[in-house]
>>> print(open('input-v7.cif').read())   # mmCIF, C-alpha atoms
data_upload
#
loop_
_atom_site.label_atom_id
_atom_site.label_comp_id
_atom_site.auth_asym_id
_atom_site.auth_seq_id
_atom_site.Cartn_x
_atom_site.Cartn_y
_atom_site.Cartn_z
CA MET A 13 -35.80 -55.59 17.33
CA LYS A 14 -37.25 -54.00 14.24
CA LYS A 15 -36.04 -50.65 15.47
CA PHE A 16 -32.44 -51.77 15.16
CA ALA A 17 -32.79 -53.58 11.86
CA ILE A 18 -32.21 -50.60 9.55
CA PRO A 19 -29.22 -49.06 11.39
CA LEU A 20 -27.74 -52.53 11.66
CA VAL A 21 -28.01 -53.10 7.92
CA VAL A 22 -26.53 -49.66 7.19
CA PHE A 23 -23.70 -50.38 9.61
CA ALA A 24 -23.02 -53.75 8.01
CA VAL A 25 -22.89 -52.20 4.53
CA ILE A 26 -20.46 -49.50 5.67
CA VAL A 27 -18.27 -52.07 7.43
CA GLY A 28 -18.31 -54.18 4.26
CA PHE A 29 -17.23 -51.27 2.07
CA LEU A 30 -14.52 -50.18 4.49
CA ALA A 31 -13.24 -53.73 4.91
CA VAL A 32 -12.62 -53.92 1.19
CA GLY A 33 -11.80 -50.28 0.51
CA LEU A 34 -9.23 -49.77 3.24
CA ARG A 35 -7.25 -52.77 2.09
CA LEU A 36 -6.88 -51.43 -1.45
CA ASP A 37 -3.90 -49.27 -2.16
CA PRO A 38 -5.07 -46.36 -4.31
CA ARG A 39 -1.54 -45.97 -5.61
CA GLU A 40 -1.72 -49.35 -7.27
CA VAL A 41 -3.43 -48.72 -10.53
CA PRO A 42 -3.96 -52.08 -12.23
CA SER A 43 -1.93 -52.30 -15.41
CA PRO A 44 -3.97 -52.81 -18.56
CA TYR A 45 -0.96 -54.69 -19.95
CA ILE A 46 -1.31 -57.86 -17.89
CA GLY A 47 -1.77 -60.70 -20.37
CA LYS A 48 -0.79 -58.51 -23.31
CA ALA A 49 2.35 -58.39 -25.39
CA ALA A 50 5.12 -56.27 -23.92
CA PRO A 51 5.51 -53.02 -25.90
CA ALA A 52 8.52 -53.31 -28.16
CA PHE A 53 11.54 -51.09 -27.78
CA SER A 54 15.14 -51.10 -28.80
CA LEU A 55 17.30 -48.90 -26.60
CA PRO A 56 21.03 -48.50 -26.16
CA ARG A 57 22.52 -50.47 -23.29
CA LEU A 58 23.87 -48.50 -20.38
CA ASN A 59 27.17 -50.37 -20.28
CA GLU A 60 27.58 -50.79 -24.05
CA PRO A 61 25.86 -47.87 -25.78
CA GLU A 62 26.70 -49.22 -29.23
CA ARG A 63 24.53 -52.30 -28.62
CA THR A 64 20.80 -52.22 -28.10
CA ILE A 65 18.47 -54.22 -25.91
CA GLY A 66 14.76 -54.80 -26.17
CA PRO A 67 12.04 -57.36 -25.45
CA ALA A 68 12.86 -59.04 -28.77
CA ASP A 69 16.31 -59.94 -27.42
CA MET A 70 14.73 -61.72 -24.45
CA LYS A 71 12.35 -63.89 -26.47
CA GLY A 72 12.25 -67.44 -25.26
CA ARG A 73 13.19 -66.57 -21.69
CA VAL A 74 11.19 -65.57 -18.67
CA TRP A 75 12.63 -62.24 -17.54
CA LEU A 76 12.01 -59.22 -15.37
CA LEU A 77 12.06 -55.60 -16.39
CA ASN A 78 12.98 -53.45 -13.42
CA VAL A 79 12.53 -49.71 -13.87
CA TRP A 80 15.12 -47.77 -11.91
CA ALA A 81 16.99 -44.48 -11.76
CA SER A 82 19.89 -43.12 -9.76
CA TRP A 83 17.72 -40.23 -8.55
CA CYS A 84 15.10 -42.62 -7.20
CA VAL A 85 15.34 -43.10 -3.46
CA SER A 86 13.11 -46.17 -3.30
CA CYS A 87 15.27 -47.82 -5.95
CA ARG A 88 18.17 -47.56 -3.57
CA ALA A 89 16.04 -49.24 -0.93
CA GLU A 90 14.94 -51.91 -3.38
CA HIS A 91 18.41 -52.53 -4.73
CA GLU A 92 19.42 -55.11 -2.13
CA VAL A 93 16.32 -57.15 -2.86
CA VAL A 94 16.96 -56.97 -6.60
CA THR A 95 20.55 -58.05 -6.00
CA ARG A 96 19.46 -61.02 -3.90
CA LEU A 97 16.92 -62.00 -6.53
CA ALA A 98 19.54 -61.79 -9.29
CA LYS A 99 21.92 -63.96 -7.25
CA THR A 100 19.40 -66.81 -7.15
CA GLY A 101 20.06 -67.10 -10.90
CA GLU A 102 16.45 -68.07 -11.46
CA VAL A 103 15.51 -65.16 -13.65
CA PRO A 104 17.43 -62.57 -15.65
CA ILE A 105 16.69 -58.97 -14.72
CA VAL A 106 16.87 -56.25 -17.34
CA GLY A 107 16.99 -52.72 -15.98
CA LEU A 108 15.19 -49.81 -17.57
CA ASN A 109 17.23 -46.81 -16.59
CA TYR A 110 14.45 -44.24 -16.59
CA LYS A 111 15.12 -40.54 -17.25
CA ASP A 112 18.59 -40.66 -15.82
CA GLU A 113 21.99 -39.22 -16.63
CA ARG A 114 24.35 -41.85 -18.00
CA ALA A 115 27.25 -40.84 -15.72
CA ASP A 116 25.01 -40.83 -12.63
CA ALA A 117 23.53 -44.20 -13.53
CA LEU A 118 26.94 -45.81 -14.09
CA ALA A 119 28.29 -44.34 -10.85
CA TRP A 120 25.23 -45.67 -9.00
CA LEU A 121 25.82 -49.18 -10.32
CA ARG A 122 29.53 -49.01 -9.49
CA ARG A 123 28.74 -47.94 -5.97
CA TYR A 124 25.93 -50.34 -5.14
CA GLY A 125 26.63 -53.20 -7.54
CA ASP A 126 25.02 -54.16 -10.82
CA PRO A 127 22.45 -56.96 -10.53
CA TYR A 128 21.17 -56.41 -14.06
CA GLU A 129 21.87 -58.53 -17.08
CA THR A 130 21.96 -55.17 -18.76
CA SER A 131 20.13 -51.86 -18.48
CA ALA A 132 18.31 -50.09 -21.28
CA VAL A 133 18.72 -46.32 -21.39
CA ASP A 134 15.37 -44.56 -21.55
CA ALA A 135 16.65 -41.01 -21.31
CA LYS A 136 13.45 -39.24 -22.29
CA GLY A 137 11.07 -41.65 -20.60
CA ASP A 138 9.22 -42.55 -23.81
CA VAL A 139 9.54 -46.29 -23.26
CA GLY A 140 8.39 -45.73 -19.69
CA ILE A 141 5.23 -44.13 -21.05
CA ASP A 142 4.76 -46.99 -23.51
CA TRP A 143 4.94 -49.47 -20.65
CA GLY A 144 2.58 -47.41 -18.51
CA VAL A 145 5.22 -46.64 -15.91
CA TYR A 146 4.05 -43.92 -13.55
CA GLY A 147 6.27 -44.37 -10.55
CA VAL A 148 9.78 -45.67 -10.18
CA PRO A 149 10.61 -48.38 -9.24
CA GLU A 150 8.31 -50.76 -11.05
CA THR A 151 8.92 -54.37 -11.99
CA PHE A 152 7.35 -56.38 -14.78
CA VAL A 153 7.41 -60.15 -15.21
CA VAL A 154 7.53 -61.11 -18.89
CA ASP A 155 7.14 -64.68 -20.15
CA GLN A 156 8.86 -66.61 -22.96
CA ASP A 157 6.41 -65.28 -25.55
CA GLY A 158 6.96 -61.67 -24.54
CA VAL A 159 3.65 -61.38 -22.69
CA ILE A 160 3.54 -59.28 -19.52
CA ARG A 161 2.34 -61.50 -16.69
CA HIS A 162 2.70 -59.33 -13.64
CA LYS A 163 3.47 -55.78 -12.64
CA HIS A 164 4.78 -54.77 -9.25
CA ILE A 165 4.42 -51.08 -8.43
CA GLY A 166 6.92 -49.62 -6.02
CA PRO A 167 9.95 -51.33 -4.50
CA ILE A 168 9.88 -55.12 -4.50
CA THR A 169 10.40 -56.72 -1.11
CA ASP A 170 11.71 -60.12 -0.01
CA LYS A 171 8.09 -61.00 0.68
CA SER A 172 6.82 -60.07 -2.77
CA VAL A 173 9.77 -61.89 -4.33
CA SER A 174 9.24 -65.12 -2.43
CA GLU A 175 5.44 -65.08 -2.48
CA VAL A 176 4.60 -63.66 -5.89
CA ILE A 177 7.48 -63.09 -8.28
CA LEU A 178 9.51 -66.29 -7.90
CA PRO A 179 6.48 -68.62 -7.78
CA LEU A 180 5.19 -66.94 -10.95
CA VAL A 181 8.58 -67.22 -12.65
CA ARG A 182 8.79 -70.91 -11.75
CA LYS A 183 5.27 -71.50 -12.95
CA LEU A 184 5.98 -69.78 -16.27
CA LYS A 185 9.16 -71.77 -16.69
CA GLY A 186 7.25 -74.92 -15.85
CA THR A 187 9.65 -75.85 -13.08
CA SER A 188 7.39 -75.52 -10.07
CA MET B 56 9.54 3.22 -5.58
CA ARG B 57 6.14 1.74 -6.09
CA ARG B 58 6.75 1.32 -9.76
CA ALA B 59 10.03 -0.45 -9.16
CA LEU B 60 8.34 -2.80 -6.72
CA LEU B 61 5.57 -3.54 -9.20
CA ALA B 62 8.13 -4.25 -11.91
CA ALA B 63 10.00 -6.59 -9.59
CA VAL B 64 6.82 -8.47 -8.69
CA LEU B 65 5.84 -8.78 -12.34
CA ALA B 66 9.29 -10.01 -13.28
CA ALA B 67 9.13 -12.63 -10.54
CA ALA B 68 5.71 -13.73 -11.77
CA MET B 69 7.05 -14.07 -15.29
CA SER B 70 9.95 -16.24 -14.27
CA ALA B 71 7.56 -18.41 -12.27
CA GLN B 72 5.50 -18.87 -15.40
CA ALA B 73 8.56 -19.79 -17.38
CA ALA B 74 9.08 -22.82 -15.14
CA ILE B 75 6.02 -24.44 -16.69
CA GLU B 76 6.64 -25.40 -20.27
CA ALA B 77 4.59 -23.48 -22.81
CA TYR B 78 3.66 -25.09 -26.07
CA ARG B 79 3.11 -22.92 -29.09
CA PHE B 80 0.12 -23.61 -31.23
CA ASP B 81 -0.39 -21.88 -34.56
CA ASP B 82 -4.02 -22.87 -34.53
CA PRO B 83 -6.22 -21.69 -31.62
CA ALA B 84 -8.54 -24.66 -32.18
CA LEU B 85 -5.63 -27.02 -31.59
CA GLU B 86 -4.72 -25.17 -28.43
CA ALA B 87 -8.30 -25.45 -27.18
CA ARG B 88 -8.22 -29.21 -27.82
CA TYR B 89 -4.88 -29.44 -26.01
CA LYS B 90 -6.32 -27.63 -23.00
CA SER B 91 -9.44 -29.76 -22.85
CA LEU B 92 -7.39 -32.97 -23.18
CA ILE B 93 -4.96 -32.21 -20.38
CA ASP B 94 -7.94 -31.12 -18.32
CA GLU B 95 -9.59 -34.47 -18.86
CA LEU B 96 -6.61 -36.69 -18.16
CA ARG B 97 -5.55 -37.66 -14.67
CA CYS B 98 -1.97 -37.44 -13.47
CA LEU B 99 -1.00 -40.91 -12.28
CA VAL B 100 1.52 -39.63 -9.76
CA CYS B 101 -0.59 -37.10 -7.88
CA GLN B 102 -3.87 -38.81 -8.34
CA ASN B 103 -6.20 -35.97 -7.49
CA GLN B 104 -4.80 -33.66 -10.10
CA ASN B 105 -5.23 -33.58 -13.81
CA LEU B 106 -2.36 -33.23 -16.25
CA ALA B 107 -2.99 -29.51 -16.59
CA ASP B 108 -2.55 -28.84 -12.87
CA SER B 109 0.22 -31.25 -12.07
CA ASN B 110 3.88 -30.45 -12.16
CA ALA B 111 5.04 -34.02 -11.68
CA GLU B 112 7.66 -35.20 -14.15
CA LEU B 113 5.31 -37.75 -15.63
CA ALA B 114 2.61 -35.11 -16.12
CA GLN B 115 5.12 -32.96 -17.98
CA ASP B 116 6.04 -35.89 -20.20
CA LEU B 117 2.42 -36.76 -20.86
CA ARG B 118 1.66 -33.13 -21.73
CA ARG B 119 4.56 -33.27 -24.18
CA LYS B 120 3.16 -36.51 -25.67
CA THR B 121 -0.28 -34.94 -25.96
CA TYR B 122 1.21 -31.91 -27.68
CA GLU B 123 3.27 -34.00 -30.07
CA MET B 124 0.32 -36.14 -31.02
CA LEU B 125 -1.92 -33.13 -31.57
CA VAL B 126 0.64 -31.48 -33.80
CA ALA B 127 1.03 -34.76 -35.67
CA GLY B 128 -2.66 -34.51 -36.48
CA ARG B 129 -4.06 -37.26 -34.27
CA SER B 130 -7.67 -37.03 -33.16
CA ASP B 131 -8.77 -36.53 -29.54
CA ASN B 132 -10.02 -40.10 -29.41
CA GLU B 133 -6.72 -41.47 -30.65
CA ILE B 134 -4.90 -39.56 -27.92
CA LEU B 135 -7.31 -40.74 -25.21
CA ASP B 136 -6.96 -44.32 -26.50
CA PHE B 137 -3.18 -43.96 -26.35
CA MET B 138 -3.42 -43.02 -22.67
CA VAL B 139 -6.03 -45.66 -21.76
CA GLN B 140 -4.02 -48.37 -23.50
CA ARG B 141 -1.06 -47.53 -21.26
CA TYR B 142 -2.61 -46.51 -17.98
CA GLY B 143 -6.13 -47.95 -18.07
CA ASP B 144 -9.48 -46.22 -17.55
CA PHE B 145 -8.05 -44.63 -14.44
CA VAL B 146 -6.43 -41.84 -16.49
CA LEU B 147 -9.82 -40.62 -17.60
CA TYR B 148 -11.69 -38.37 -15.22
CA ARG B 149 -14.84 -39.55 -16.97
CA PRO B 150 -14.33 -43.30 -17.36
CA PRO B 151 -16.59 -45.18 -19.76
CA LEU B 152 -19.60 -47.02 -18.37
CA ARG B 153 -18.49 -50.63 -17.90
CA PRO B 154 -19.41 -53.37 -15.44
CA ALA B 155 -16.45 -52.33 -13.29
CA THR B 156 -17.46 -48.68 -13.27
CA VAL B 157 -21.22 -49.03 -12.85
CA LEU B 158 -21.05 -48.37 -9.11
CA LEU B 159 -19.03 -45.23 -9.78
CA TRP B 160 -21.66 -43.84 -12.13
CA VAL B 161 -24.82 -45.06 -10.40
CA GLY B 162 -23.66 -44.94 -6.76
CA PRO B 163 -24.30 -41.23 -6.10
CA PHE B 164 -27.84 -41.51 -7.46
CA VAL B 165 -28.54 -44.57 -5.32
CA ILE B 166 -27.35 -42.69 -2.24
CA LEU B 167 -29.48 -39.69 -3.26
CA ALA B 168 -32.54 -41.93 -3.64
CA VAL B 169 -31.95 -43.53 -0.24
CA GLY B 170 -31.52 -40.09 1.31
CA LEU B 171 -34.77 -38.83 -0.24
CA GLY B 172 -36.57 -41.96 0.94
CA VAL B 173 -35.38 -41.45 4.53
CA LEU B 174 -36.31 -37.77 4.36
CA ALA B 175 -39.83 -38.57 3.10
CA ARG B 176 -40.31 -41.07 5.91
CA VAL B 177 -39.16 -38.67 8.60
CA VAL B 178 -41.38 -35.89 7.26
CA SER B 179 -44.48 -38.09 7.06
CA ARG B 180 -43.89 -39.37 10.60
CA ARG B 181 -43.55 -35.87 11.95
CA ARG B 182 -46.81 -34.91 10.20
CA ALA B 183 -48.54 -37.83 11.87
CA ALA B 184 -47.22 -36.69 15.26
CA GLU B 185 -48.61 -33.18 14.76
CA ILE B 186 -52.27 -34.26 14.93
CA PRO B 187 -53.91 -32.17 17.71
CA SER B 188 -54.35 -33.95 20.99
CA ALA B 189 -57.62 -35.41 22.20
CA ASP B 190 -58.42 -32.65 24.65
CA GLY B 191 -59.07 -30.24 21.76
CA GLY B 192 -56.12 -28.01 22.45
CA ALA B 193 -56.81 -27.23 26.10
CA GLU B 194 -53.33 -28.27 27.09
CA LEU B 195 -51.83 -26.07 24.41
CA ALA B 196 -53.88 -23.08 25.54
CA ARG B 197 -52.76 -23.64 29.11
CA ALA B 198 -49.14 -23.84 28.06
CA GLU B 199 -49.42 -20.59 26.12
CA ARG B 200 -51.03 -18.89 29.09
CA LEU B 201 -48.25 -20.04 31.35
CA LEU B 202 -45.66 -18.83 28.92
CA SER B 203 -47.17 -15.39 28.53
CA GLU B 204 -47.52 -15.07 32.32
CA ASN B 205 -43.91 -15.89 32.69
CA LYS B 206 -43.07 -13.22 30.17
CA ASP B 207 -45.17 -10.62 32.00
CA GLY B 208 -43.59 -11.54 35.28
CA LYS B 209 -40.15 -10.93 33.94
CA LYS B 210 -40.95 -7.46 32.72
#
>>> encode(input="input-v7.cif", output="C-alpha cells")
Amino acid sequence: MKKFAIPLVVFAVIVGFLAVGLRLDPREVPSPYIGKAAPAFSLPRLNEPERTIGPADMKGRVWLLNVWASWCVSCRAEHEVVTRLAKTGEVPIVGLNYKDERADALAWLRRYGDPYETSAVDAKGDVGIDWGVYGVPETFVVDQDGVIRHKHIGPITDKSVSEVILPLVRKLKGTS
Amino acid sequence: MRRALLAAVLAAAMSAQAAIEAYRFDDPALEARYKSLIDELRCLVCQNQNLADSNAELAQDLRRKTYEMLVAGRSDNEILDFMVQRYGDFVLYRPPLRPATVLLWVGPFVILAVGLGVLARVVSRRRAAEIPSADGGAELARAERLLSENKDGKK
C-alpha cells in the first residue's frame, strides 16, 4: 500500500491541475477594468459624423459596448446574436467600429442590418487600446454610473446572452 | 550574373524590412529604451510573442503607443503602468510578485526541490543495494570467470 502512496499523490495533483487548467481558456485575459470606471472617449458617430458619442452620453443607463469591424469575420458570426439581443429592447447597444473604413462599415450595416443605437468610429484604434481591447469582437457591460461590470471576449452567443449578459443587465437595472 | 542576383536578393530583403514600421529616434538611449520595452511587453493577440516580434495589428498599434509616449518624455514605468492598467499583469513577461502570481514565481523552484529530493533518495537506495553480498564476493568471481570463458570460447 505504501508503495503506491507517492505515485497516487503525484497523480492526484496532476489530475487536479489539469482539471482546472484545461478548462481555462488562455485567450481570455481577465480585464483589469471590471469594477472600474469606463475610460472616457468622445468619438464621431458612424451614421452622423458631426455628432459624437461617448460613455458620458450613456450615463444613467445600463448599456453594452460591442466592438466590431467590417473586416472581422467573427463579428459577422456574432451579428445575428447582437441583433436578437437588441430586439429584446432590454439594453441599448453602442458599437465601437474598430479600425475600419467608414464606407466599408456603413455598407456592412446596410447589408446585415444595424442593431446598434449608434456606432462610435475608432479609426486608429486608440479607444480600443484605452479599453484594453485585444481581439474583435468584444463586448462590455457598463452600468448606470459608467462602471464596467463585465467583459465578454470573442463573439457573444445565445448562451452567453441568456446566462450571463441579460441576467447581469437585469440585476444592474434592478428588475430581476 | 551573380552580382545582379545578389542585388535582387538584397532589394527583396530591403522591401521586406520596409513592411515593418521603423521609428526614428534622435537619441540612441531612447531607442535602447524602446527596444527593451517592446521586448518586455507581451502581444495579447499572439500570446507567446512579445511586441517586438509580433506583426499583429494590435502589436503595431502598441509599438506606436510606446514610441509616442517615449518621445513625449514618459518614463519606462509610466509606459508599463499604461499597459498594465489596460491589459493587466499579463502584458508583462515579468509580472510582479503578488498572491496570484506566487505559484508562477515559486513553482519551478518547488519542482526543482522535489526533483532533487527524489534523486537523492534513488541514489542513496542504490548505494545501499551495492553492499557486497554475504559470500564475500565468491558469486561475483564466479560470474566473471564465466564471462571471460565465454569470451575466450568465442575467439
>>> resolve_selection(input="input-v7.cif", expression="the PyMOL selection byres ((chain A and resi 161) around 8)", output="ChimeraX atom specification")
/A:46-48,152-155,159-160,162-163
>>> atom_distance(input="input-v7.cif", atom1="CA of Leu118 (chain A)", atom2="CA of Val100 (chain B)")
26.5 Å
>>> atom_distance(input="input-v7.cif", atom1="CA of Met70 (chain A)", atom2="CA of Leu108 (chain A)")
13.8 Å
>>> atom_distance(input="input-v7.cif", atom1="CA of Ser172 (chain A)", atom2="CA of Tyr45 (chain A)")
19.6 Å
>>> closest_atom_pairs(input="input-v7.cif", of="chain B", to="chain A", cutoff="10 Å", atoms="only C-alpha atoms", output="CSV")
residue,atom,partner,partner_atom,distance
B:Cys98,CA,A:Tyr146,CA,8.8
B:Leu99,CA,A:Tyr146,CA,6.0
B:Val100,CA,A:Tyr146,CA,6.3
B:Cys101,CA,A:Arg39,CA,9.2
B:Gln102,CA,A:Arg39,CA,8.0
B:Glu112,CA,A:Tyr146,CA,9.5
B:Leu113,CA,A:Tyr146,CA,6.6
B:Ala114,CA,A:Tyr146,CA,9.3
B:Asp116,CA,A:Gly137,CA,7.7
B:Leu117,CA,A:Ile141,CA,7.9
B:Lys120,CA,A:Asp138,CA,8.8
B:Phe137,CA,A:Asp142,CA,9.0
B:Met138,CA,A:Gly144,CA,8.5
B:Val139,CA,A:Pro44,CA,8.1
B:Gln140,CA,A:Pro44,CA,6.6
B:Arg141,CA,A:Gly144,CA,4.6
B:Tyr142,CA,A:Gly144,CA,5.3
B:Gly143,CA,A:Pro44,CA,5.3
B:Asp144,CA,A:Pro44,CA,8.6
B:Phe145,CA,A:Val41,CA,7.3
B:Val146,CA,A:Val41,CA,9.6
>>> axis_aligned_box(input="input-v7.cif", around="region 163-172 of chain A", padding_each_side="5 Å", output="AutoDock Vina command-line options")
--center_x 7.6 --center_y -55.3 --center_z -6.0 --size_x 18.2 --size_y 21.4 --size_z 23.3
>>> residues_around(input="input-v7.cif", residues="region 93-100 of chain A", least_positions_apart="2", cutoff="12 Å", atoms="only C-alpha atoms", output="JSON, numbers by chain")
{"A": [75, 76, 77, 78, 79, 80, 86, 87, 88, 89, 90, 91, 102, 103, 104, 105, 106, 107, 121, 124, 125, 126, 127, 128, 129, 130, 149, 150, 151, 167, 168, 169, 170, 171, 172, 173, 174, 177, 178, 181]}
>>> residues_around(input="input-v7.cif", residues="Phe80 (chain B)", least_positions_apart="5", cutoff="10 Å", atoms="all atoms listed in the file", output="list of chain:residue names")
B:Leu85, B:Glu86, B:Ala87, B:Tyr89, B:Tyr122, B:Leu125, B:Val126
>>> resolve_selection(input="input-v7.cif", expression="the PyMOL selection byres ((chain B and resi 95) around 12)", output="PyMOL selection string")
chain B and resi 88-94+96-98+103-108+118+121+131-132+134-135+138+144-150
>>> residues_near_point(input="input-v7.cif", point="(27.1, -51.3, -23.3)", cutoff="12 Å", atoms="only C-alpha atoms", output="VMD selection string")
chain A and resid 55 to 65 114 118 129 to 133
>>> resolve_selection(input="input-v7.cif", expression="the PyMOL selection byres ((chain A and resi 185) around 10)", output="mmCIF file with C-alpha atoms, in the frame of the given file")
data_model
loop_
_atom_site.group_PDB
_atom_site.id
_atom_site.type_symbol
_atom_site.label_atom_id
_atom_site.label_comp_id
_atom_site.auth_asym_id
_atom_site.auth_seq_id
_atom_site.Cartn_x
_atom_site.Cartn_y
_atom_site.Cartn_z
ATOM 1 C CA ARG A 73 13.190 -66.570 -21.690
ATOM 2 C CA VAL A 74 11.190 -65.570 -18.670
ATOM 3 C CA GLU A 102 16.450 -68.070 -11.460
ATOM 4 C CA VAL A 103 15.510 -65.160 -13.650
ATOM 5 C CA ASP A 155 7.140 -64.680 -20.150
ATOM 6 C CA GLN A 156 8.860 -66.610 -22.960
ATOM 7 C CA PRO A 179 6.480 -68.620 -7.780
ATOM 8 C CA LEU A 180 5.190 -66.940 -10.950
ATOM 9 C CA VAL A 181 8.580 -67.220 -12.650
ATOM 10 C CA ARG A 182 8.790 -70.910 -11.750
ATOM 11 C CA LYS A 183 5.270 -71.500 -12.950
ATOM 12 C CA LEU A 184 5.980 -69.780 -16.270
ATOM 13 C CA GLY A 186 7.250 -74.920 -15.850
ATOM 14 C CA THR A 187 9.650 -75.850 -13.080
ATOM 15 C CA SER A 188 7.390 -75.520 -10.070
#
>>> closest_residue(input="input-v7.cif", among="A:Trp83, A:Val176, A:Val148, A:Ala50", to="Pro67 (chain A)", atoms="only C-alpha atoms")
A:Ala50
>>> decode(input="input-v7.cif", residues="region 126-168 of chain B", atoms="C-alpha atoms", output="mmCIF file, in the first residue's frame")
data_model
loop_
_atom_site.group_PDB
_atom_site.id
_atom_site.type_symbol
_atom_site.label_atom_id
_atom_site.label_comp_id
_atom_site.auth_asym_id
_atom_site.auth_seq_id
_atom_site.Cartn_x
_atom_site.Cartn_y
_atom_site.Cartn_z
ATOM 1 C CA VAL B 126 9.038 60.721 -27.465
ATOM 2 C CA ALA B 127 6.635 62.603 -25.204
ATOM 3 C CA GLY B 128 9.143 62.065 -22.416
ATOM 4 C CA ARG B 129 7.308 59.497 -20.305
ATOM 5 C CA SER B 130 9.326 57.182 -18.100
ATOM 6 C CA ASP B 131 9.570 53.415 -18.606
ATOM 7 C CA ASN B 132 7.453 52.842 -15.521
ATOM 8 C CA GLU B 133 4.743 55.170 -16.754
ATOM 9 C CA ILE B 134 4.600 53.259 -20.033
ATOM 10 C CA LEU B 135 4.481 49.876 -18.290
ATOM 11 C CA ASP B 136 1.735 51.196 -15.983
ATOM 12 C CA PHE B 137 -0.196 52.394 -19.025
ATOM 13 C CA MET B 138 -0.120 48.869 -20.450
ATOM 14 C CA VAL B 139 -0.883 47.096 -17.152
ATOM 15 C CA GLN B 140 -3.802 49.429 -16.484
ATOM 16 C CA ARG B 141 -5.338 48.382 -19.797
ATOM 17 C CA TYR B 142 -4.351 44.766 -20.201
ATOM 18 C CA GLY B 143 -3.434 43.598 -16.695
ATOM 19 C CA ASP B 144 -0.244 41.935 -15.441
ATOM 20 C CA PHE B 145 -0.495 39.531 -18.342
ATOM 21 C CA VAL B 146 1.203 42.022 -20.689
ATOM 22 C CA LEU B 147 4.364 41.861 -18.632
ATOM 23 C CA TYR B 148 6.697 38.980 -19.312
ATOM 24 C CA ARG B 149 7.973 39.505 -15.775
ATOM 25 C CA PRO B 150 4.810 40.044 -13.727
ATOM 26 C CA PRO B 151 5.153 41.490 -10.235
ATOM 27 C CA LEU B 152 5.145 39.127 -7.267
ATOM 28 C CA ARG B 153 1.563 39.074 -5.990
ATOM 29 C CA PRO B 154 -0.599 36.451 -4.305
ATOM 30 C CA ALA B 155 -1.960 35.488 -7.728
ATOM 31 C CA THR B 156 1.493 35.110 -9.248
ATOM 32 C CA VAL B 157 3.300 33.390 -6.373
ATOM 33 C CA LEU B 158 2.908 29.954 -7.954
ATOM 34 C CA LEU B 159 4.358 31.298 -11.183
ATOM 35 C CA TRP B 160 7.480 32.564 -9.452
ATOM 36 C CA VAL B 161 7.965 29.828 -6.858
ATOM 37 C CA GLY B 162 6.607 26.835 -8.796
ATOM 38 C CA PRO B 163 9.745 25.999 -10.796
ATOM 39 C CA PHE B 164 11.869 26.020 -7.641
ATOM 40 C CA VAL B 165 9.394 23.769 -5.832
ATOM 41 C CA ILE B 166 9.523 21.310 -8.728
ATOM 42 C CA LEU B 167 13.331 21.516 -8.723
ATOM 43 C CA ALA B 168 13.421 20.786 -4.987
#
